[in-house]
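A.B. asks: final_16.cif is reproduced in full below (mmCIF, C-alpha atoms and all ligand atoms).
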```
data_query
#
loop_
_atom_site.label_atom_id
_atom_site.label_comp_id
_atom_site.auth_asym_id
_atom_site.auth_seq_id
_atom_site.Cartn_x
_atom_site.Cartn_y
_atom_site.Cartn_z
CA MET A 1 53.19 116.41 112.29
CA VAL A 2 55.84 118.57 110.69
CA SER A 3 55.76 122.29 110.08
CA PHE A 4 58.33 123.96 107.88
CA LEU A 5 56.35 125.81 105.25
CA GLN A 6 56.46 129.26 106.82
CA GLY A 7 58.31 131.61 104.49
CA MET A 8 58.13 129.14 101.60
CA LYS A 9 56.99 130.52 98.26
CA ILE A 10 56.70 127.38 96.15
CA VAL A 11 55.99 123.73 96.89
CA LEU A 12 57.01 121.32 94.12
CA LEU A 13 54.90 118.20 94.22
CA ASP A 14 55.50 114.81 92.73
CA LEU A 15 52.22 113.22 91.67
CA ASP A 16 52.11 109.41 91.79
CA GLY A 17 52.72 108.22 95.34
CA THR A 18 52.64 111.75 96.72
CA ILE A 19 49.31 113.31 95.66
CA HIS A 20 47.54 110.26 94.29
CA LEU A 21 47.94 106.52 94.01
CA GLY A 22 46.76 105.17 90.69
CA GLY A 23 44.52 108.19 90.12
CA ILE A 24 42.91 108.15 93.58
CA PRO A 25 43.91 111.11 95.81
CA ILE A 26 45.95 110.19 98.90
CA PRO A 27 43.89 111.03 102.02
CA GLY A 28 44.47 114.66 102.98
CA ALA A 29 46.26 115.58 99.72
CA VAL A 30 43.49 117.70 98.22
CA ASP A 31 43.17 119.57 101.52
CA PHE A 32 46.94 120.03 101.78
CA ILE A 33 47.02 121.73 98.37
CA ARG A 34 44.09 123.95 99.34
CA ARG A 35 45.94 124.99 102.52
CA CYS A 36 49.06 125.80 100.47
CA HIS A 37 46.99 128.16 98.34
CA GLU A 38 45.35 129.72 101.42
CA ASN A 39 48.85 130.40 102.72
CA LYS A 40 49.89 131.98 99.39
CA ILE A 41 52.24 129.12 98.54
CA LYS A 42 52.30 128.26 94.85
CA THR A 43 52.05 124.56 94.03
CA ILE A 44 53.78 123.16 90.95
CA PHE A 45 53.19 119.53 89.99
CA LEU A 46 56.13 117.59 88.59
CA SER A 47 55.99 114.48 86.46
CA ASN A 48 58.41 112.59 84.29
CA ASN A 49 55.51 111.16 82.31
CA SER A 50 55.98 112.73 78.87
CA SER A 51 53.10 110.76 77.34
CA LYS A 52 50.52 113.27 78.54
CA SER A 53 50.21 116.93 77.60
CA VAL A 54 49.89 119.74 80.13
CA ASN A 55 46.17 120.04 79.40
CA GLU A 56 45.65 116.35 80.06
CA TYR A 57 47.34 116.78 83.46
CA VAL A 58 45.18 119.80 84.30
CA MET A 59 42.04 117.78 83.54
CA LYS A 60 43.30 114.86 85.61
CA LEU A 61 44.06 117.06 88.64
CA ASN A 62 40.80 118.99 88.34
CA SER A 63 38.86 115.70 88.23
CA MET A 64 40.47 114.83 91.60
CA GLY A 65 39.23 118.12 93.05
CA ILE A 66 42.64 119.81 92.80
CA ASN A 67 42.73 123.38 91.58
CA ALA A 68 45.44 123.54 88.90
CA VAL A 69 46.05 125.42 85.64
CA ALA A 70 48.50 124.76 82.79
CA ASP A 71 51.19 126.93 84.38
CA ASP A 72 51.19 124.69 87.48
CA ILE A 73 52.41 121.62 85.57
CA LEU A 74 56.10 120.87 85.03
CA LEU A 75 56.84 117.81 82.92
CA SER A 76 60.03 116.14 81.74
CA THR A 77 58.91 117.37 78.31
CA HIS A 78 59.40 120.97 79.56
CA ASP A 79 62.92 120.14 80.74
CA CYS A 80 63.68 118.51 77.39
CA ILE A 81 62.37 121.56 75.50
CA GLN A 82 64.45 123.83 77.75
CA TRP A 83 67.56 121.75 76.95
CA LEU A 84 66.83 121.77 73.17
CA LYS A 85 66.43 125.57 73.26
CA ILE A 86 69.80 126.06 74.96
CA LYS A 87 71.28 123.83 72.26
CA LYS A 88 69.35 125.83 69.60
CA TRP A 89 67.97 122.60 68.13
CA THR A 90 64.59 123.38 66.61
CA LYS A 91 64.02 120.41 64.28
CA VAL A 92 63.47 117.01 65.84
CA TYR A 93 62.14 113.59 65.05
CA CYS A 94 59.78 113.05 67.97
CA LEU A 95 59.28 109.47 69.07
CA GLY A 96 56.43 110.47 71.33
CA THR A 97 52.68 110.91 71.65
CA GLU A 98 50.59 113.51 69.83
CA GLY A 99 50.29 115.29 73.21
CA MET A 100 54.06 115.56 73.48
CA LYS A 101 54.42 116.72 69.87
CA GLU A 102 51.82 119.42 70.56
CA MET A 103 53.97 120.78 73.41
CA MET A 104 57.07 120.74 71.18
CA VAL A 105 55.32 122.60 68.37
CA GLU A 106 53.84 125.17 70.80
CA SER A 107 57.41 125.88 71.96
CA GLY A 108 58.63 126.49 68.42
CA ILE A 109 60.21 123.08 67.88
CA GLU A 110 59.30 121.42 64.58
CA CYS A 111 58.56 117.70 64.57
CA LEU A 112 59.82 116.43 61.21
CA GLU A 113 60.68 113.12 59.55
CA ASP A 114 64.05 114.14 58.07
CA GLY A 115 66.64 116.90 58.22
CA VAL A 116 66.45 116.91 62.01
CA ASP A 117 68.94 117.98 64.72
CA CYS A 118 68.14 114.98 66.92
CA VAL A 119 65.74 112.18 67.72
CA VAL A 120 63.72 112.90 70.88
CA LEU A 121 62.37 109.89 72.73
CA GLY A 122 59.45 110.41 75.10
CA TYR A 123 57.12 107.99 76.87
CA ASP A 124 55.40 106.99 73.64
CA THR A 125 52.22 105.16 74.54
CA GLU A 126 51.32 105.42 70.85
CA LEU A 127 54.51 103.65 69.75
CA THR A 128 54.46 101.71 66.49
CA TYR A 129 57.11 99.60 64.79
CA GLU A 130 57.15 102.11 61.96
CA LYS A 131 57.97 105.02 64.32
CA LEU A 132 60.64 102.97 66.08
CA SER A 133 62.23 101.96 62.74
CA LYS A 134 62.27 105.58 61.60
CA ALA A 135 64.05 106.58 64.82
CA THR A 136 66.67 103.83 64.58
CA SER A 137 67.37 104.59 60.90
CA LEU A 138 68.02 108.25 61.81
CA ILE A 139 70.29 107.14 64.67
CA HIS A 140 72.18 104.88 62.23
CA GLN A 141 72.76 108.08 60.21
CA LYS A 142 74.52 109.56 63.29
CA ILE A 143 71.61 111.78 64.33
CA PRO A 144 71.97 112.22 68.14
CA LEU A 145 69.45 110.72 70.52
CA VAL A 146 67.83 112.67 73.38
CA ALA A 147 65.49 111.14 75.99
CA THR A 148 62.95 113.00 78.12
CA HIS A 149 63.48 110.98 81.32
CA PRO A 150 65.20 107.83 82.63
CA ASP A 151 62.30 105.82 84.15
CA ILE A 152 62.42 102.18 83.04
CA VAL A 153 58.85 101.36 84.00
CA CYS A 154 55.66 103.31 84.57
CA PRO A 155 53.82 102.00 87.65
CA SER A 156 50.39 100.50 86.99
CA PRO A 157 47.99 98.31 88.98
CA ASP A 158 49.03 95.45 86.65
CA GLY A 159 52.75 95.92 87.29
CA GLY A 160 55.35 98.11 85.56
CA LEU A 161 54.72 99.12 81.95
CA PRO A 162 57.60 99.81 79.53
CA ASP A 163 58.67 103.45 79.86
CA VAL A 164 61.46 105.48 78.21
CA GLY A 165 64.30 103.57 79.90
CA ALA A 166 63.02 100.29 78.50
CA ILE A 167 62.61 101.73 74.99
CA LEU A 168 66.14 103.19 75.27
CA LYS A 169 67.46 99.67 75.91
CA MET A 170 65.76 98.44 72.75
CA ILE A 171 67.29 101.31 70.75
CA GLU A 172 70.69 100.65 72.29
CA LEU A 173 70.50 96.94 71.39
CA THR A 174 69.52 97.89 67.84
CA THR A 175 71.99 100.73 67.20
CA GLY A 176 74.63 100.55 69.95
CA VAL A 177 73.81 104.19 70.69
CA GLN A 178 73.01 105.80 74.02
CA PRO A 179 71.33 109.20 74.48
CA ILE A 180 73.55 112.27 74.71
CA ILE A 181 71.25 113.57 77.47
CA ILE A 182 68.40 112.29 79.59
CA THR A 183 66.31 115.19 80.89
CA GLY A 184 63.57 115.12 83.58
CA LYS A 185 63.81 114.05 87.21
CA PRO A 186 66.40 113.83 88.85
CA ARG A 187 68.08 116.53 86.71
CA ALA A 188 68.38 119.65 88.90
CA GLU A 189 67.97 121.95 85.89
CA MET A 190 64.34 120.86 85.60
CA ILE A 191 63.69 122.70 88.88
CA LEU A 192 66.30 125.45 88.54
CA GLY A 193 65.11 126.51 85.08
CA ARG A 194 61.59 126.95 86.38
CA LEU A 195 62.64 128.76 89.59
CA LYS A 196 64.61 131.23 87.47
CA ILE A 197 61.42 132.03 85.54
CA GLU A 198 59.50 132.34 88.85
CA GLY A 199 62.23 134.56 90.32
CA VAL A 200 62.33 132.48 93.51
CA GLU A 201 65.47 131.34 95.33
CA PRO A 202 65.81 127.57 96.00
CA ASN A 203 65.79 128.11 99.80
CA LYS A 204 62.19 129.35 99.54
CA VAL A 205 61.11 126.15 97.82
CA ALA A 206 60.29 122.64 99.05
CA MET A 207 60.20 119.51 96.90
CA ILE A 208 57.85 116.80 98.15
CA GLY A 209 58.06 113.32 96.65
CA ASP A 210 58.02 109.58 97.35
CA ARG A 211 61.23 108.43 95.63
CA LEU A 212 64.66 108.88 97.18
CA TYR A 213 66.71 108.36 94.00
CA THR A 214 64.70 110.79 91.84
CA ASP A 215 62.61 113.29 93.84
CA MET A 216 64.99 113.60 96.79
CA GLU A 217 68.20 113.52 94.72
CA MET A 218 66.76 116.27 92.56
CA ALA A 219 65.83 118.35 95.62
CA LYS A 220 69.32 117.95 97.05
CA ALA A 221 71.06 118.78 93.76
CA SER A 222 69.00 121.93 93.23
CA GLY A 223 69.31 123.16 96.82
CA VAL A 224 65.60 123.14 97.68
CA VAL A 225 64.19 121.71 100.94
CA SER A 226 63.74 117.94 100.53
CA VAL A 227 60.61 116.32 101.93
CA LEU A 228 60.09 112.59 101.56
CA VAL A 229 56.61 111.13 101.95
CA LEU A 230 56.20 107.46 102.86
CA SER A 231 52.83 107.25 101.08
CA GLY A 232 54.33 105.85 97.87
CA GLU A 233 57.46 103.95 96.96
CA ALA A 234 60.05 104.64 99.69
CA THR A 235 59.75 102.97 103.09
CA GLN A 236 61.34 103.91 106.44
CA GLU A 237 63.80 101.01 105.86
CA ASP A 238 64.83 102.60 102.55
CA VAL A 239 65.43 105.89 104.39
CA ASP A 240 67.49 104.16 107.08
CA SER A 241 69.75 102.46 104.55
CA TYR A 242 70.11 105.45 102.17
CA SER A 243 73.38 107.39 101.99
CA TRP A 244 71.80 110.63 103.27
CA THR A 245 68.54 111.65 104.88
CA PRO A 246 66.10 114.17 103.40
CA ASP A 247 65.43 117.34 105.42
CA PHE A 248 62.01 115.99 106.45
CA VAL A 249 60.44 112.53 106.32
CA VAL A 250 56.65 112.34 106.85
CA ASN A 251 54.01 109.65 106.43
CA SER A 252 52.13 111.70 103.83
CA VAL A 253 51.39 115.30 102.88
CA ASN A 254 48.55 115.08 105.41
CA ASP A 255 51.22 115.27 108.15
CA ILE A 256 52.53 118.64 106.99
CA VAL A 257 50.99 121.45 109.00
CA PHE A 258 51.21 125.20 108.55
CA ASP A 259 52.55 127.67 111.05
CA SER A 260 50.09 130.38 111.85
CA ALA A 261 51.83 133.40 110.36
MG MG B 301 56.18 109.45 92.74
#
```
Render the structure in this file as structure tokens.
Ligand SMILES: [Mg+2]
C.D. replies:
Amino acid sequence: MVSFLQGMKIVLLDLDGTIHLGGIPIPGAVDFIRRCHENKIKTIFLSNNSSKSVNEYVMKLNSMGINAVADDILLSTHDCIQWLKIKKWTKVYCLGTEGMKEMMVESGIECLEDGVDCVVLGYDTELTYEKLSKATSLIHQKIPLVATHPDIVCPSPDGGLPDVGAILKMIELTTGVQPIIITGKPRAEMILGRLKIEGVEPNKVAMIGDRLYTDMEMAKASGVVSVLVLSGEATQEDVDSYSWTPDFVVNSVNDIVFDSA
């Protein structure tokens, strides 16, 4: 049992391997989130999966008995949009799902076929050869490529499915071009941009996740408290052989207890 949440204002939570495994809540996770809320700690759910929209995530969490609203979801798509806004790029060719395009359009970014500032690649589970050809022809015309996140595979009960990293390889083999930026975890700005909006300092925030090289690297780079759970990908052996150790290592979120204030 580990207690460190006293004085914390926000807990950032990875989803797969931390809150649920293949859509089934990890024992104690729903209760952990409820206790966070009872203790006035805001929970924000982080995912690199840019194939789903915020609303789809809200429905997924609610169906697991987790109280969440749109504002509680932070996706790699948000980080990508934040980066595009800083760049003042408002016209993109979006190689992504309708859900991702919806988020772009809601943020004032037009999804067009031509005359675009860049090609944005997301986890396009609605990918067609036609969309892919359109993207590569734009890249051949020297239009820059941007990717929402680096994950090569998306975990599934049937083994890894091709994610953005795998599609990037295909584009690279076709055009010789690599993205000018890959947003999403482990990019610290994904967290820092949101904390700025929340007005909360990183030392009042904990990031809980199951991957050392994404969740924990991101926590370290952004200066928030790093909490590794062993309920997903990383094992104790991985921790022992890693170059640094997260602030806390617990079996699952169920092992995190709250100080009585
Ligand atoms: Mg995970």
A.B. asks: Quick one: everything within 12 Å of Ser63 of chain A, counting only C-alpha atoms, minus sequence neighbours fewer than 3 positions away in the same chain. Send it as a VMD selection string.
C.D. replies: chain A and resid 20 23 to 25 30 56 to 60 66 to 68
A.B. asks: Those same residues, written as a compact mmCIF listing (two decimals), in the frame of the given file with C-alpha atoms?
C.D. replies:
```
# COMPACT_ATOMS: atom_id res chain seq x y z
CA HIS A 20 47.54 110.26 94.29
CA GLY A 23 44.52 108.19 90.12
CA ILE A 24 42.91 108.15 93.58
CA PRO A 25 43.91 111.11 95.81
CA VAL A 30 43.49 117.70 98.22
CA GLU A 56 45.65 116.35 80.06
CA TYR A 57 47.34 116.78 83.46
CA VAL A 58 45.18 119.80 84.30
CA MET A 59 42.04 117.78 83.54
CA LYS A 60 43.30 114.86 85.61
CA ILE A 66 42.64 119.81 92.80
CA ASN A 67 42.73 123.38 91.58
CA ALA A 68 45.44 123.54 88.90
```
A.B. asks: Identify, on the basis of all atoms listed in the file, every residue whose closest approach to Leu121 of chain A does not exceed 10 Å; exclude the query and any residue fewer than 2 positions from it along the same chain; express the result as a PDB file with C-alpha atoms, keeping the file's coordinate frame.
C.D. replies:
```
ATOM      1  CA  SER A  50      55.980 112.730  78.870  1.00  0.00           C
ATOM      2  CA  THR A  77      58.910 117.370  78.310  1.00  0.00           C
ATOM      3  CA  CYS A  80      63.680 118.510  77.390  1.00  0.00           C
ATOM      4  CA  VAL A  92      63.470 117.010  65.840  1.00  0.00           C
ATOM      5  CA  TYR A  93      62.140 113.590  65.050  1.00  0.00           C
ATOM      6  CA  CYS A  94      59.780 113.050  67.970  1.00  0.00           C
ATOM      7  CA  LEU A  95      59.280 109.470  69.070  1.00  0.00           C
ATOM      8  CA  GLY A  96      56.430 110.470  71.330  1.00  0.00           C
ATOM      9  CA  THR A  97      52.680 110.910  71.650  1.00  0.00           C
ATOM     10  CA  CYS A 118      68.140 114.980  66.920  1.00  0.00           C
ATOM     11  CA  VAL A 119      65.740 112.180  67.720  1.00  0.00           C
ATOM     12  CA  TYR A 123      57.120 107.990  76.870  1.00  0.00           C
ATOM     13  CA  ASP A 124      55.400 106.990  73.640  1.00  0.00           C
ATOM     14  CA  LEU A 132      60.640 102.970  66.080  1.00  0.00           C
ATOM     15  CA  ALA A 135      64.050 106.580  64.820  1.00  0.00           C
ATOM     16  CA  LEU A 145      69.450 110.720  70.520  1.00  0.00           C
ATOM     17  CA  VAL A 146      67.830 112.670  73.380  1.00  0.00           C
ATOM     18  CA  ALA A 147      65.490 111.140  75.990  1.00  0.00           C
ATOM     19  CA  THR A 148      62.950 113.000  78.120  1.00  0.00           C
ATOM     20  CA  HIS A 149      63.480 110.980  81.320  1.00  0.00           C
ATOM     21  CA  VAL A 164      61.460 105.480  78.210  1.00  0.00           C
ATOM     22  CA  GLY A 165      64.300 103.570  79.900  1.00  0.00           C
ATOM     23  CA  ILE A 167      62.610 101.730  74.990  1.00  0.00           C
ATOM     24  CA  LEU A 168      66.140 103.190  75.270  1.00  0.00           C
ATOM     25  CA  PRO A 179      71.330 109.200  74.480  1.00  0.00           C
ATOM     26  CA  ILE A 182      68.400 112.290  79.590  1.00  0.00           C
TER      27      ILE A 182
END
```
A.B. asks: Which residues sit within 9 Å of ligand MG 301 (chain B), counting only C-alpha atoms and all ligand atoms, listed as a compact mmCIF listing (two decimals) with C-alpha atoms, in the coordinates of the input?
C.D. replies:
```
# COMPACT_ATOMS: atom_id res chain seq x y z
CA LEU A 13 54.90 118.20 94.22
CA ASP A 14 55.50 114.81 92.73
CA LEU A 15 52.22 113.22 91.67
CA ASP A 16 52.11 109.41 91.79
CA GLY A 17 52.72 108.22 95.34
CA THR A 18 52.64 111.75 96.72
CA ILE A 19 49.31 113.31 95.66
CA HIS A 20 47.54 110.26 94.29
CA LEU A 21 47.94 106.52 94.01
CA SER A 47 55.99 114.48 86.46
CA GLY A 209 58.06 113.32 96.65
CA ASP A 210 58.02 109.58 97.35
CA ARG A 211 61.23 108.43 95.63
CA THR A 214 64.70 110.79 91.84
CA ASP A 215 62.61 113.29 93.84
CA GLY A 232 54.33 105.85 97.87
CA GLU A 233 57.46 103.95 96.96
```
A.B. asks: Enumerate, as a ChimeraX atom specification, the protein, DNA and RNA residues whose atoms approach (47.3, 114.6, 70.4) to within 12 Å, taking into account all atoms listed in the file and the coordinate frame of the file.
C.D. replies: /A:51-56,96-105,124-126
A.B. asks: I need the residue nearest Val253 of chain A from this list: A:Gly160, A:Gly28, A:Pro155, A:Gly65. Use all atoms listed in the file for the distance.
C.D. replies: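 Closest residue, counting all atoms listed in the file: A:Gly28.
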A.B. asks: So how many Å separate atom CA of Asn39 of chain A and atom CA of Pro202 of chain A, to one decimal?
C.D. replies: 18.5 Å
A.B. asks: Counting all atoms listed in the file, which residues sit no farther than 12 Å from the position (53.6, 114.8, 108.1) in the file's frame? I'd like them as a ChimeraX atom specification.
C.D. replies: /A:1-5,18,28-29,32,208,227-231,248-258
A.B. asks: Rounded to one decimal in Å, what is the spacing between atom CA of Ile86 of chain A and atom CA of Ala219 of chain A?
C.D. replies: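 Interatomic distance, atom CA of Ile86 of chain A to atom CA of Ala219 of chain A: 22.4 Å.
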A.B. asks: For Arg194 of chain A, list every protein, DNA or RNA residue within 12 Å, evaluated using all atoms listed in the file, and leave out those in the same chain fewer than 2 positions away; present the list as a VMD selection string.
C.D. replies: chain A and resid 10 12 44 to 46 71 to 76 78 to 79 82 188 to 192 196 to 202 205 222
A.B. asks: Output segment 63-90 of chain A as a PDB file, in the frame of the given file, making sure N, CA and C atoms are there.
C.D. replies:
```
ATOM      1  N   SER A  63      39.846 116.769  87.986  1.00  0.00           N
ATOM      2  CA  SER A  63      38.860 115.700  88.230  1.00  0.00           C
ATOM      3  C   SER A  63      39.041 115.101  89.638  1.00  0.00           C
ATOM      4  N   MET A  64      40.234 115.302  90.226  1.00  0.00           N
ATOM      5  CA  MET A  64      40.470 114.830  91.600  1.00  0.00           C
ATOM      6  C   MET A  64      40.112 115.903  92.622  1.00  0.00           C
ATOM      7  N   GLY A  65      39.603 117.034  92.137  1.00  0.00           N
ATOM      8  CA  GLY A  65      39.230 118.120  93.050  1.00  0.00           C
ATOM      9  C   GLY A  65      40.397 119.037  93.382  1.00  0.00           C
ATOM     10  N   ILE A  66      41.464 118.965  92.568  1.00  0.00           N
ATOM     11  CA  ILE A  66      42.640 119.810  92.800  1.00  0.00           C
ATOM     12  C   ILE A  66      42.621 120.973  91.816  1.00  0.00           C
ATOM     13  N   ASN A  67      42.753 122.168  92.384  1.00  0.00           N
ATOM     14  CA  ASN A  67      42.730 123.380  91.580  1.00  0.00           C
ATOM     15  C   ASN A  67      44.103 123.559  90.918  1.00  0.00           C
ATOM     16  N   ALA A  68      44.162 123.374  89.607  1.00  0.00           N
ATOM     17  CA  ALA A  68      45.440 123.540  88.900  1.00  0.00           C
ATOM     18  C   ALA A  68      45.181 124.086  87.501  1.00  0.00           C
ATOM     19  N   VAL A  69      46.111 124.915  87.020  1.00  0.00           N
ATOM     20  CA  VAL A  69      46.050 125.420  85.640  1.00  0.00           C
ATOM     21  C   VAL A  69      47.330 124.990  84.917  1.00  0.00           C
ATOM     22  N   ALA A  70      47.373 125.240  83.614  1.00  0.00           N
ATOM     23  CA  ALA A  70      48.500 124.760  82.790  1.00  0.00           C
ATOM     24  C   ALA A  70      49.856 125.172  83.357  1.00  0.00           C
ATOM     25  N   ASP A  71      49.933 126.390  83.868  1.00  0.00           N
ATOM     26  CA  ASP A  71      51.190 126.930  84.380  1.00  0.00           C
ATOM     27  C   ASP A  71      51.692 126.167  85.620  1.00  0.00           C
ATOM     28  N   ASP A  72      50.818 125.405  86.244  1.00  0.00           N
ATOM     29  CA  ASP A  72      51.190 124.690  87.480  1.00  0.00           C
ATOM     30  C   ASP A  72      51.797 123.314  87.198  1.00  0.00           C
ATOM     31  N   ILE A  73      51.924 122.961  85.922  1.00  0.00           N
ATOM     32  CA  ILE A  73      52.410 121.620  85.570  1.00  0.00           C
ATOM     33  C   ILE A  73      53.822 121.712  84.997  1.00  0.00           C
ATOM     34  N   LEU A  74      54.719 120.921  85.534  1.00  0.00           N
ATOM     35  CA  LEU A  74      56.100 120.870  85.030  1.00  0.00           C
ATOM     36  C   LEU A  74      56.435 119.424  84.686  1.00  0.00           C
ATOM     37  N   LEU A  75      56.599 119.176  83.391  1.00  0.00           N
ATOM     38  CA  LEU A  75      56.840 117.810  82.920  1.00  0.00           C
ATOM     39  C   LEU A  75      58.271 117.643  82.420  1.00  0.00           C
ATOM     40  N   SER A  76      58.704 116.390  82.308  1.00  0.00           N
ATOM     41  CA  SER A  76      60.030 116.140  81.740  1.00  0.00           C
ATOM     42  C   SER A  76      60.101 116.701  80.324  1.00  0.00           C
ATOM     43  N   THR A  77      58.960 116.776  79.654  1.00  0.00           N
ATOM     44  CA  THR A  77      58.910 117.370  78.310  1.00  0.00           C
ATOM     45  C   THR A  77      59.374 118.831  78.364  1.00  0.00           C
ATOM     46  N   HIS A  78      58.959 119.572  79.406  1.00  0.00           N
ATOM     47  CA  HIS A  78      59.400 120.970  79.560  1.00  0.00           C
ATOM     48  C   HIS A  78      60.917 121.044  79.705  1.00  0.00           C
ATOM     49  N   ASP A  79      61.473 120.129  80.515  1.00  0.00           N
ATOM     50  CA  ASP A  79      62.920 120.140  80.740  1.00  0.00           C
ATOM     51  C   ASP A  79      63.644 119.824  79.431  1.00  0.00           C
ATOM     52  N   CYS A  80      63.089 118.886  78.671  1.00  0.00           N
ATOM     53  CA  CYS A  80      63.680 118.510  77.390  1.00  0.00           C
ATOM     54  C   CYS A  80      63.652 119.701  76.424  1.00  0.00           C
ATOM     55  N   ILE A  81      62.512 120.389  76.379  1.00  0.00           N
ATOM     56  CA  ILE A  81      62.370 121.560  75.500  1.00  0.00           C
ATOM     57  C   ILE A  81      63.381 122.637  75.909  1.00  0.00           C
ATOM     58  N   GLN A  82      63.498 122.841  77.233  1.00  0.00           N
ATOM     59  CA  GLN A  82      64.450 123.830  77.750  1.00  0.00           C
ATOM     60  C   GLN A  82      65.873 123.492  77.288  1.00  0.00           C
ATOM     61  N   TRP A  83      66.215 122.198  77.353  1.00  0.00           N
ATOM     62  CA  TRP A  83      67.560 121.750  76.950  1.00  0.00           C
ATOM     63  C   TRP A  83      67.751 121.962  75.434  1.00  0.00           C
ATOM     64  N   LEU A  84      66.745 121.608  74.635  1.00  0.00           N
ATOM     65  CA  LEU A  84      66.830 121.770  73.170  1.00  0.00           C
ATOM     66  C   LEU A  84      67.013 123.237  72.811  1.00  0.00           C
ATOM     67  N   LYS A  85      66.343 124.123  73.545  1.00  0.00           N
ATOM     68  CA  LYS A  85      66.430 125.570  73.260  1.00  0.00           C
ATOM     69  C   LYS A  85      67.824 126.101  73.534  1.00  0.00           C
ATOM     70  N   ILE A  86      68.422 125.630  74.635  1.00  0.00           N
ATOM     71  CA  ILE A  86      69.800 126.060  74.960  1.00  0.00           C
ATOM     72  C   ILE A  86      70.732 125.598  73.831  1.00  0.00           C
ATOM     73  N   LYS A  87      70.484 124.430  73.330  1.00  0.00           N
ATOM     74  CA  LYS A  87      71.280 123.830  72.260  1.00  0.00           C
ATOM     75  C   LYS A  87      70.960 124.462  70.889  1.00  0.00           C
ATOM     76  N   LYS A  88      69.861 125.217  70.845  1.00  0.00           N
ATOM     77  CA  LYS A  88      69.350 125.830  69.600  1.00  0.00           C
ATOM     78  C   LYS A  88      68.987 124.762  68.559  1.00  0.00           C
ATOM     79  N   TRP A  89      68.463 123.644  69.026  1.00  0.00           N
ATOM     80  CA  TRP A  89      67.970 122.600  68.130  1.00  0.00           C
ATOM     81  C   TRP A  89      66.454 122.771  68.007  1.00  0.00           C
ATOM     82  N   THR A  90      66.007 123.068  66.806  1.00  0.00           N
ATOM     83  CA  THR A  90      64.590 123.380  66.610  1.00  0.00           C
ATOM     84  C   THR A  90      63.875 122.396  65.689  1.00  0.00           C
TER      85      THR A  90
END
```
